[in-house]
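Working notes, structure below.
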Protein chains: 4
Amino acid sequence: MADARVLVAGASGFTGALAAHLIHRHPRLNLIAATARSDVGARLDRLYPRYRVPMELTELDPDDPPDADATLIAYPHGAAAPLVERLLEAEQYVVDVSADFRLHELSAYEATYGEHGAPELMNEPVYGLTELHRDEIRGARLIANPGCYPTAALLALAPLCREGLISDVVISAASGVSGAGRGAGDRLHFVAVDENFSAYGVDGHRHLPEITQELDALAEDVGTPPPPDAGARERDSNGSRASERERRRRRITFVPHLLPLDQGLMASCFVTPVRDIEAREVAELYAASYDDERFVEMAPEPPGVRDVRETNVCRIHTATDQGTGRLMVFAAIDNLWKGAAGQAVQNLNLMLGLDETEGLL
Amino acid sequence: MADARVLVAGASGFTGALAAHLIHRHPRLNLIAATARSDVGARLDRLYPRYRVPMELTELDPDDPPDADATLIAYPHGAAAPLVERLLEAEQYVVDVSADFRLHELSAYEATYGEHGAPELMNEPVYGLTELHRDEIRGARLIANPGCYPTAALLALAPLCREGLISDVVISAASGVSGAGRGAGDRLHFVAVDENFSAYGVDGHRHLPEITQELDALAEDVGTPPPPDAGARERDSNGSRASERERRRRRITFVPHLLPLDQGLMASCFVTPVRDIEAREVAELYAASYDDERFVEMAPEPPGVRDVRETNVCRIHTATDQGTGRLMVFAAIDNLWKGAAGQAVQNLNLMLGLDETEGLL
Amino acid sequence: MADARVLVAGASGFTGALAAHLIHRHPRLNLIAATARSDVGARLDRLYPRYRVPMELTELDPDDPPDADATLIAYPHGAAAPLVERLLEAEQYVVDVSADFRLHELSAYEATYGEHGAPELMNEPVYGLTELHRDEIRGARLIANPGCYPTAALLALAPLCREGLISDVVISAASGVSGAGRGAGDRLHFVAVDENFSAYGVDGHRHLPEITQELDALAEDVGTPPPPDAGARERDSNGSRASERERRRRRITFVPHLLPLDQGLMASCFVTPVRDIEAREVAELYAASYDDERFVEMAPEPPGVRDVRETNVCRIHTATDQGTGRLMVFAAIDNLWKGAAGQAVQNLNLMLGLDETEGLL
Amino acid sequence: MADARVLVAGASGFTGALAAHLIHRHPRLNLIAATARSDVGARLDRLYPRYRVPMELTELDPDDPPDADATLIAYPHGAAAPLVERLLEAEQYVVDVSADFRLHELSAYEATYGEHGAPELMNEPVYGLTELHRDEIRGARLIANPGCYPTAALLALAPLCREGLISDVVISAASGVSGAGRGAGDRLHFVAVDENFSAYGVDGHRHLPEITQELDALAEDVGTPPPPDAGARERDSNGSRASERERRRRRITFVPHLLPLDQGLMASCFVTPVRDIEAREVAELYAASYDDERFVEMAPEPPGVRDVRETNVCRIHTATDQGTGRLMVFAAIDNLWKGAAGQAVQNLNLMLGLDETEGLL
């Protein structure tokens, strides 16, 4: 088979540039163009010398997109949807790294991101967390590539959630600065981040609805009943009037922090289980989920983000808090790789019938 | 009044060196000597040029300690207790920055740290979290200076705990490397920490018993009944046989992470309250606790550790997680200042009848 | 004497904000207002929590500046000159931290920075490298506060230059990111700087004319003849036609690098001396220059920028390269303190008749 | 041809571990064992999770080394020589990453490192700076792999040195912490390095004799006469009595600095040329040297160490200092890759008849 011809749209940003690099060096893919909405005319290997993609950024005419087999879109949310629409008409395979197609319900999208650019397509996409949806991805034309925090959090929690074991979870996460994108602003100036660490998005981060949606789906897959008691607060506040879905949603607290480093993301998950669970049972659940996975590894100690830097690996450790019986799950990824461009290529491989590890090892 | 004559014992480590610096530049204290168990003979201003203490490290003869008014001990746990004993006999004021006198119950100490060096003194000390125990500190001869994580966590939680509002709390904390001390080892090599972030102490960190003890004490002060239901897990595991104290203790999960920075500590606290609490009520509780405090400030946004670097300030922000009703409290300190040497000097000021901010602004 | 009433103009940038902090906490100065050209209306203690200046940024009307005894201007070059003019008319003491009055010759200014805003004032200012011009500063109304690189380089080289010992010098310098200012842009995004190190300004950095001017002046003060042979290149290229000044200017190469840290600047100076010089003679020269200085210290080892962080100290080490006889001088400062706001306050102290260390220790 | 069977000796250190990783993932090499002098019995993928080498560190019996085709030795200097001797007897190909065989003259070795472990072998090795000695490396049995600083400095200077254009050079270099090795000690503690930058080795760094030897050799290759005047100092100090070699050696000043980052090394070279050289001539010299090189790239701007991180590339930029006519050359490498393990594999590829880029792209 001839190499698939791939376009990267939005290659001037961190995720798009890495995607262009991964595809450029991919043994079975052929990077035909890298387009951008800024820096048009600049050479990618001057903007990002380390990626060594000897190609000039060009402009994309959405009414006449390049004739590719597949396009990887690394646009901000809102900007991707119209292009997705056009590319699907052109019968391309599309991996959308933006948030535009991650949420299945329009109301959830609108509440989180505002107006949607192509609501009629919202039933099309497969949520591209590869390890959880591999079979659907294989047959898909449009992948909604997950957010970075959801990727780590869902890989951390899926083995427990699938068994209906999660009553309540606090996800205290932290990401390196590349996760916030190239758009500068004072907040990402070196001096603002260096030797600093702080929480952000405490009013409700955009990745929470995505995490909630997928945890709900995982629980529903196995018909998990809602937890017998979702906690003191809900009982007191007359939870009986809330629908089951609402009750389940309330159980997730997610707060991200900004780390003074470039690439790396940790999801530290504190799970109140619905019943006592032995460490051995936990280990077996994770082994069953991940022993055959090429990009998930169980670690004997809490992982460091350094352990996965510049790789597509998610490294996970589980432990039990003796005093409370809480389960603790720590999942580390590189936010630009498994959290964005790496997983996008992993999905592209699957869509195109290639081995999912091609170009990623 | 003549300046008080102060000795720093253990001045070759990070905390002791900062303590020597703070006392050396203090307008009302006179640093008479800086002793150490390593680097004896070295000049402090060569080991730590930035502290500019023109003094040679000397050895301390525990049987003939220098004739000081007060001694600040920055030893590892276990090593401090015998010296404390001797110094109290010599009628000195003592601030012990080690863990030796932080826990009131011998069994808790032994379970956490091993054999105690002076168990007969365990009823003497006042726990030196200044803002919580100011009056007792004023009259004390021996202060057990709090650990860095407990300082941030307790300042974050005290206003809620005093009112009996905490049913359950996850403390996901993170500290800069200076908190782990000067003792090297591979784990603190620059290359191991740089661009890294990971949890540690997940089997039970030594600061948990200290946090638990003090939260229990705060709750007991106001006769807080145990929470009506301390969570699903405890109900299922036959919590009824557990004493009230044991039940309360189970409600706290504490996990620290190591940050790739020098000085700075964040306690991100996720509180399940015993009842719904309005944001305004939370704000009033914290205002009542801290409006008059010189070293605690309430922030309109989540604090960064950079905001408190090289200061004795604890900067706190509260927020409510809309989906779950959880209260979130973020408290940032400089682990070497408010988390160790700074608070030690704050306490010393109080013991000696000085303004507690002297030498710390 | 009543406290002097001081205005900081340009307090939204890194240097101006630190200046506001230093003046706010100064025992003898009274910060009457902090003005800015951006962020007007914002509170300084929200923009820069760590400086704890409880004041709102206001706008400055250049036609009606606040009635202060002195103003410290932290504007970009070009913007300061008109304000300086107005403030001198109002009989204020002025410390201009911009580059507008550092160069004595209009042609040099224009070649480096473009049109000058108040050329008629160019003979007024005293170049505010305190240790080199203390007496003139005491009587001055207008101080041109030195650039950060010139401050370190000139303190490093003055003792040699005054004796006419420098034939040729390479200044390989490096600065933390705060030296580049708050204006963001991709180049100062955390991701661009983190784990990076590179030279910049290799086409000629703006600080070179300033260094050259001051080294020339130091050499001229003692009637230093030009070096007998300023190097092979100049001889070959018919140096005889060049004026003496031009020949001397050719001897200085200055290249800065960007360090992945916040505050700190190192000037590594490699001096080819006009004759062999013994280490002892070097030591004596530096001791004679700096033994009585409160803010310059000679170090037994090469200094680290960490040794001077958040201080007004310049820390210097000299060594001889055995193989070549070159003298090597390493000078470390905090670019925001001694390299900008700290030295500005040092100068302000002198202008106002205060001890120059007031508020800086 | 079957894959070559390769041993890595000294795989517990930074360089050896990376070498094991590069060989483990190499398409034509087979890592048969990883031995170490510390951490024997530990798994490499636990010591260095990011390298993912699923192998246990074993002990090497020097009297009975494993039966390999080639061995890569990553020992400290002094320890490698005896093992090299034994492996050559066993007819293995050897790449010695230690300093033991870099210097051709025993006296130079002894003056720099002390007693030599196998002086009778000192004429055997080829100095493995691949781009300068490719043909000799192809036929060699023993490669002395260059030091990290010499690699960058020599690639920076070779095009000029070969033409006899260098009269004098100052090499102001800087390296990330991994270059100093895993051996901890206070100096490499995170807290000592973070937010710091300082010169070291100012009394004479061990890499200077290596740089001098190779620059001399490059100049001699083309019969370069010594520079007509090696500078004021030498003329004054009666240079006429010095041999030509000594005079040439005096022209090099090399000082390294420690950077607060993990991997990355910059050599900033300031060359006084023997005659005026146009920028175009410089560009042509570098193009002639490097246009066909796979691992050297000429950059349009000063390179950042980030541009070459985790690659075997040396990225170079040249510029002319207008005021002095000095040539400035900036060369960036990853000290662990091109500066150590990467270049070792590049050499191994050549020795074994493989394409030199195999396993390195």
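Within each chain, counting starts at residue 1; across the structure tokens, chains are named A, B, ... in the order shown, with ligands numbered 1 upward in that order.
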For the contact check between chain B and chain A, emit one row per residue of chain B within 8 Å, containing the shortest atom pair and the distance in Å rounded to one decimal, counting only C-alpha atoms, chain then rising number order, as a tab-separated table.
residue	atom	partner	partner_atom	distance
B:Ser167	CA	A:Ala232	CA	7.9
B:Val170	CA	A:Phe270	CA	7.5
B:Ser172	CA	A:Ser172	CA	6.8
B:Glu195	CA	A:Leu261	CA	5.1
B:Asn196	CA	A:Arg306	CA	4.8
B:Phe197	CA	A:Gly304	CA	5.3
B:Ser198	CA	A:Gly304	CA	4.5
B:Ala199	CA	A:Pro302	CA	5.8
B:Tyr200	CA	A:Pro302	CA	6.7
B:Val202	CA	A:Ala319	CA	6.9
B:Asp203	CA	A:Asp321	CA	7.1
B:Gly204	CA	A:Asp321	CA	7.4
B:Asp229	CA	A:Ala232	CA	6.6
B:Ala230	CA	A:Ala232	CA	7.8
B:Gly231	CA	A:Gly231	CA	6.2
B:Ala232	CA	A:Val274	CA	6.5
B:Arg233	CA	A:Arg275	CA	5.8
B:Glu234	CA	A:Thr324	CA	7.9
B:Asp236	CA	A:Arg275	CA	6.7
B:Ser237	CA	A:Asp276	CA	7.3
B:Arg249	CA	A:Gly323	CA	7.2
B:Arg250	CA	A:Thr324	CA	4.6
B:Arg251	CA	A:Thr324	CA	5.9
B:Ile252	CA	A:Thr324	CA	6.9
B:Thr253	CA	A:Thr324	CA	6.8
B:Leu259	CA	A:Leu259	CA	7.9
B:Pro260	CA	A:Pro260	CA	7.0
B:Leu261	CA	A:Glu195	CA	5.2
B:Asp262	CA	A:Glu195	CA	7.1
B:Gln263	CA	A:Glu195	CA	7.8
B:Gly264	CA	A:Asn196	CA	7.7
B:Met266	CA	A:Phe197	CA	7.6
B:Phe270	CA	A:Val170	CA	7.5
B:Thr272	CA	A:Arg233	CA	7.1
B:Pro273	CA	A:Arg233	CA	6.7
B:Val274	CA	A:Ala232	CA	6.4
B:Arg275	CA	A:Arg233	CA	5.6
B:Asp276	CA	A:Arg233	CA	6.4
B:Pro302	CA	A:Ala199	CA	5.8
B:Pro303	CA	A:Ser198	CA	6.0
B:Gly304	CA	A:Ser198	CA	4.4
B:Val305	CA	A:Asn196	CA	5.3
B:Arg306	CA	A:Asn196	CA	4.8
B:Ala319	CA	A:Val202	CA	6.9
B:Thr320	CA	A:Asp203	CA	7.7
B:Asp321	CA	A:Thr253	CA	6.8
B:Gln322	CA	A:Gly204	CA	7.6
B:Gly323	CA	A:Arg250	CA	4.8
B:Thr324	CA	A:Arg250	CA	4.5
B:Gly325	CA	A:Arg233	CA	7.0
B:Arg326	CA	A:Thr253	CA	7.8
B:Phe330	CA	A:Ala199	CA	7.8
Subject >> strand (DSSP E or B) residues, from DSSP on the backbone, in range 80-318 of chain C, as a ChimeraX atom specification >> reply: /C:93-96,126-127,142-144,166-175,189,198-199,252-258,265-273,296-298,304,314-318
File of the preceding selection, N, CA and C atoms, as a compact mmCIF listing (two decimals), in the first residue's frame:
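Once everything was written out, this is out_12.txt:
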# COMPACT_ATOMS: atom_id res chain seq x y z
N TYR C 93 13.93 65.36 42.10
CA TYR C 93 15.06 64.45 41.86
C TYR C 93 14.56 63.33 40.97
N VAL C 94 15.36 62.96 39.99
CA VAL C 94 14.90 61.95 39.04
C VAL C 94 15.94 60.84 38.87
N VAL C 95 15.49 59.62 39.03
CA VAL C 95 16.31 58.46 38.65
C VAL C 95 15.63 57.81 37.46
N ASP C 96 16.30 57.86 36.32
CA ASP C 96 15.72 57.30 35.10
C ASP C 96 16.32 55.92 34.84
N VAL C 126 24.04 62.13 35.58
CA VAL C 126 25.19 61.37 36.09
C VAL C 126 24.90 59.90 35.85
N TYR C 127 25.89 59.18 35.34
CA TYR C 127 25.72 57.74 35.11
C TYR C 127 25.76 57.04 36.46
N LEU C 142 19.61 64.40 38.24
CA LEU C 142 19.14 63.39 37.29
C LEU C 142 20.18 62.27 37.18
N ILE C 143 19.74 61.07 37.48
CA ILE C 143 20.61 59.90 37.39
C ILE C 143 20.15 59.04 36.21
N ALA C 144 21.11 58.69 35.36
CA ALA C 144 20.85 57.68 34.33
C ALA C 144 21.25 56.34 34.94
N ILE C 166 43.72 46.76 30.59
CA ILE C 166 42.94 45.94 29.66
C ILE C 166 43.33 46.23 28.22
N SER C 167 43.84 45.22 27.55
CA SER C 167 44.13 45.36 26.12
C SER C 167 42.92 44.95 25.30
N ASP C 168 42.21 43.97 25.80
CA ASP C 168 41.15 43.33 25.02
C ASP C 168 40.29 42.56 26.00
N VAL C 169 38.98 42.57 25.75
CA VAL C 169 38.13 41.81 26.66
C VAL C 169 36.96 41.19 25.91
N VAL C 170 36.69 39.94 26.24
CA VAL C 170 35.47 39.27 25.80
C VAL C 170 34.56 39.17 27.00
N ILE C 171 33.37 39.72 26.88
CA ILE C 171 32.37 39.63 27.95
C ILE C 171 31.28 38.69 27.47
N SER C 172 31.32 37.48 28.00
CA SER C 172 30.29 36.49 27.68
C SER C 172 29.32 36.49 28.85
N ALA C 173 28.17 37.08 28.65
CA ALA C 173 27.26 37.30 29.77
C ALA C 173 26.00 36.46 29.62
N ALA C 174 25.26 36.38 30.70
CA ALA C 174 24.02 35.59 30.69
C ALA C 174 23.06 36.18 31.70
N SER C 175 21.80 36.26 31.31
CA SER C 175 20.81 36.86 32.21
C SER C 175 19.56 36.01 32.31
N HIS C 189 7.89 33.12 26.23
CA HIS C 189 6.95 32.10 26.68
C HIS C 189 7.75 31.05 27.46
N SER C 198 20.69 30.10 25.05
CA SER C 198 21.19 30.51 23.75
C SER C 198 21.71 31.93 23.81
N ALA C 199 22.60 32.24 22.89
CA ALA C 199 23.08 33.61 22.75
C ALA C 199 22.01 34.43 22.03
N ILE C 252 36.46 45.47 22.68
CA ILE C 252 35.45 44.87 23.55
C ILE C 252 34.46 44.04 22.74
N THR C 253 34.36 42.78 23.09
CA THR C 253 33.31 41.94 22.52
C THR C 253 32.34 41.60 23.65
N PHE C 254 31.07 41.81 23.40
CA PHE C 254 30.05 41.55 24.43
C PHE C 254 28.93 40.74 23.80
N VAL C 255 28.67 39.58 24.34
CA VAL C 255 27.55 38.77 23.87
C VAL C 255 26.75 38.25 25.06
N PRO C 256 25.46 38.52 25.08
CA PRO C 256 24.61 37.99 26.15
C PRO C 256 23.94 36.67 25.77
N HIS C 257 23.58 35.93 26.77
CA HIS C 257 22.83 34.68 26.60
C HIS C 257 21.60 34.74 27.52
N LEU C 258 20.59 33.97 27.16
CA LEU C 258 19.37 33.93 27.97
C LEU C 258 19.36 32.67 28.82
N LEU C 265 22.12 37.48 36.85
CA LEU C 265 22.92 37.87 35.69
C LEU C 265 24.38 37.64 36.00
N MET C 266 25.07 37.06 35.04
CA MET C 266 26.50 36.80 35.21
C MET C 266 27.25 37.45 34.05
N ALA C 267 28.30 38.18 34.39
CA ALA C 267 29.23 38.65 33.36
C ALA C 267 30.53 37.87 33.53
N SER C 268 30.83 37.00 32.57
CA SER C 268 32.10 36.27 32.56
C SER C 268 33.03 37.03 31.63
N CYS C 269 34.05 37.65 32.21
CA CYS C 269 34.92 38.55 31.44
C CYS C 269 36.30 37.92 31.25
N PHE C 270 36.75 37.89 30.01
CA PHE C 270 38.04 37.30 29.67
C PHE C 270 38.95 38.42 29.17
N VAL C 271 39.88 38.82 30.00
CA VAL C 271 40.68 40.01 29.74
C VAL C 271 42.08 39.63 29.28
N THR C 272 42.48 40.13 28.12
CA THR C 272 43.90 40.06 27.75
C THR C 272 44.54 41.32 28.31
N PRO C 273 45.45 41.15 29.26
CA PRO C 273 46.03 42.33 29.89
C PRO C 273 47.17 42.90 29.03
N VAL C 296 29.41 45.28 47.14
CA VAL C 296 30.29 44.48 46.28
C VAL C 296 31.05 43.54 47.19
N GLU C 297 31.08 42.25 46.84
CA GLU C 297 31.87 41.34 47.66
C GLU C 297 32.74 40.46 46.78
N MET C 298 33.97 40.26 47.23
CA MET C 298 34.90 39.40 46.51
C MET C 298 34.72 37.98 47.04
N GLY C 304 27.76 32.27 42.07
CA GLY C 304 26.56 31.83 41.38
C GLY C 304 25.53 32.95 41.46
N CYS C 314 26.74 42.79 44.25
CA CYS C 314 27.50 42.26 43.13
C CYS C 314 28.62 41.40 43.71
N ARG C 315 28.67 40.14 43.31
CA ARG C 315 29.66 39.20 43.86
C ARG C 315 30.64 38.85 42.77
N ILE C 316 31.91 39.03 43.05
CA ILE C 316 32.96 38.97 42.03
C ILE C 316 34.04 37.96 42.41
N HIS C 317 34.53 37.26 41.41
CA HIS C 317 35.68 36.38 41.59
C HIS C 317 36.66 36.61 40.44
N THR C 318 37.94 36.63 40.77
CA THR C 318 38.95 36.77 39.72
C THR C 318 39.82 35.52 39.69
Original post:
If we count only C-alpha atoms, what is near Tyr109 in chain C at a cut-off of 12 Å, once residues fewer than 5 positions away on the same chain are taken out, given as number ranges by chain?
Top reply: C: 77-78, 99-104, 114-119, 122, 206-210, 213
**OP:** Go through range 78-323 of chain C and collect every residue that DSSP, computed from the backbone, puts in helix (DSSP H, G or I); the answer should be as an NGL selection string.
**Re:** :C and (80-89 or 106-113 or 119-121 or 130-138 or 148-162 or 177-180 or 186-188 or 190-193 or 207-221 or 232-236 or 239-241 or 244-249 or 279-290 or 305-308)
Original post:
For the atom pair CA of Gly342 in chain A and CA of Phe190 in chain B, what is the interatomic distance in Å to one decimal place?
Top reply: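 Separation of CA of Gly342 in chain A and CA of Phe190 in chain B: 27.8 Å.
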**OP:** State, in Å with one decimal place, the distance from CA of Pro49 in chain D to CA of Pro300 in chain A.
**Re:**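 Those two atoms sit 10.7 Å apart.
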**OP:** Could you jot down the CA of Leu361 in chain A to CA of Leu22 in chain A separation for me, Å, one decimal place?
**Re:** 10.4 Å
Original post:
Residues at most 8 Å from Arg37 in chain B, counting only C-alpha atoms, excluding those fewer than 2 positions away in the same chain, as a ChimeraX atom specification?
Top reply: /B:10,12,35,39-40,59-60
**OP:** Show which residues sit within 10 Å of Glu284 in chain A, as number ranges by chain. Count only C-alpha atoms, and ignore same-chain residues fewer than 6 positions away.
**Re:** A: 159, 290-291
Mind dumping the selected residues with N, CA, C and O atoms as a PDB file, in the first residue's frame?
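Written file, selection.pdb:
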ATOM      1  N   PRO A 159     -10.422   1.295  34.779  1.00  0.00           N
ATOM      2  CA  PRO A 159     -10.568  -0.054  35.332  1.00  0.00           C
ATOM      3  C   PRO A 159     -11.486  -0.109  36.557  1.00  0.00           C
ATOM      4  O   PRO A 159     -12.203  -1.090  36.749  1.00  0.00           O
ATOM      5  N   TYR A 290      -4.809  -3.441  31.169  1.00  0.00           N
ATOM      6  CA  TYR A 290      -3.665  -2.826  30.508  1.00  0.00           C
ATOM      7  C   TYR A 290      -2.491  -3.741  30.185  1.00  0.00           C
ATOM      8  O   TYR A 290      -1.531  -3.301  29.553  1.00  0.00           O
ATOM      9  N   ASP A 291      -2.533  -4.979  30.599  1.00  0.00           N
ATOM     10  CA  ASP A 291      -1.365  -5.823  30.360  1.00  0.00           C
ATOM     11  C   ASP A 291      -1.020  -5.940  28.882  1.00  0.00           C
ATOM     12  O   ASP A 291       0.138  -6.094  28.523  1.00  0.00           O
TER      13      ASP A 291
END
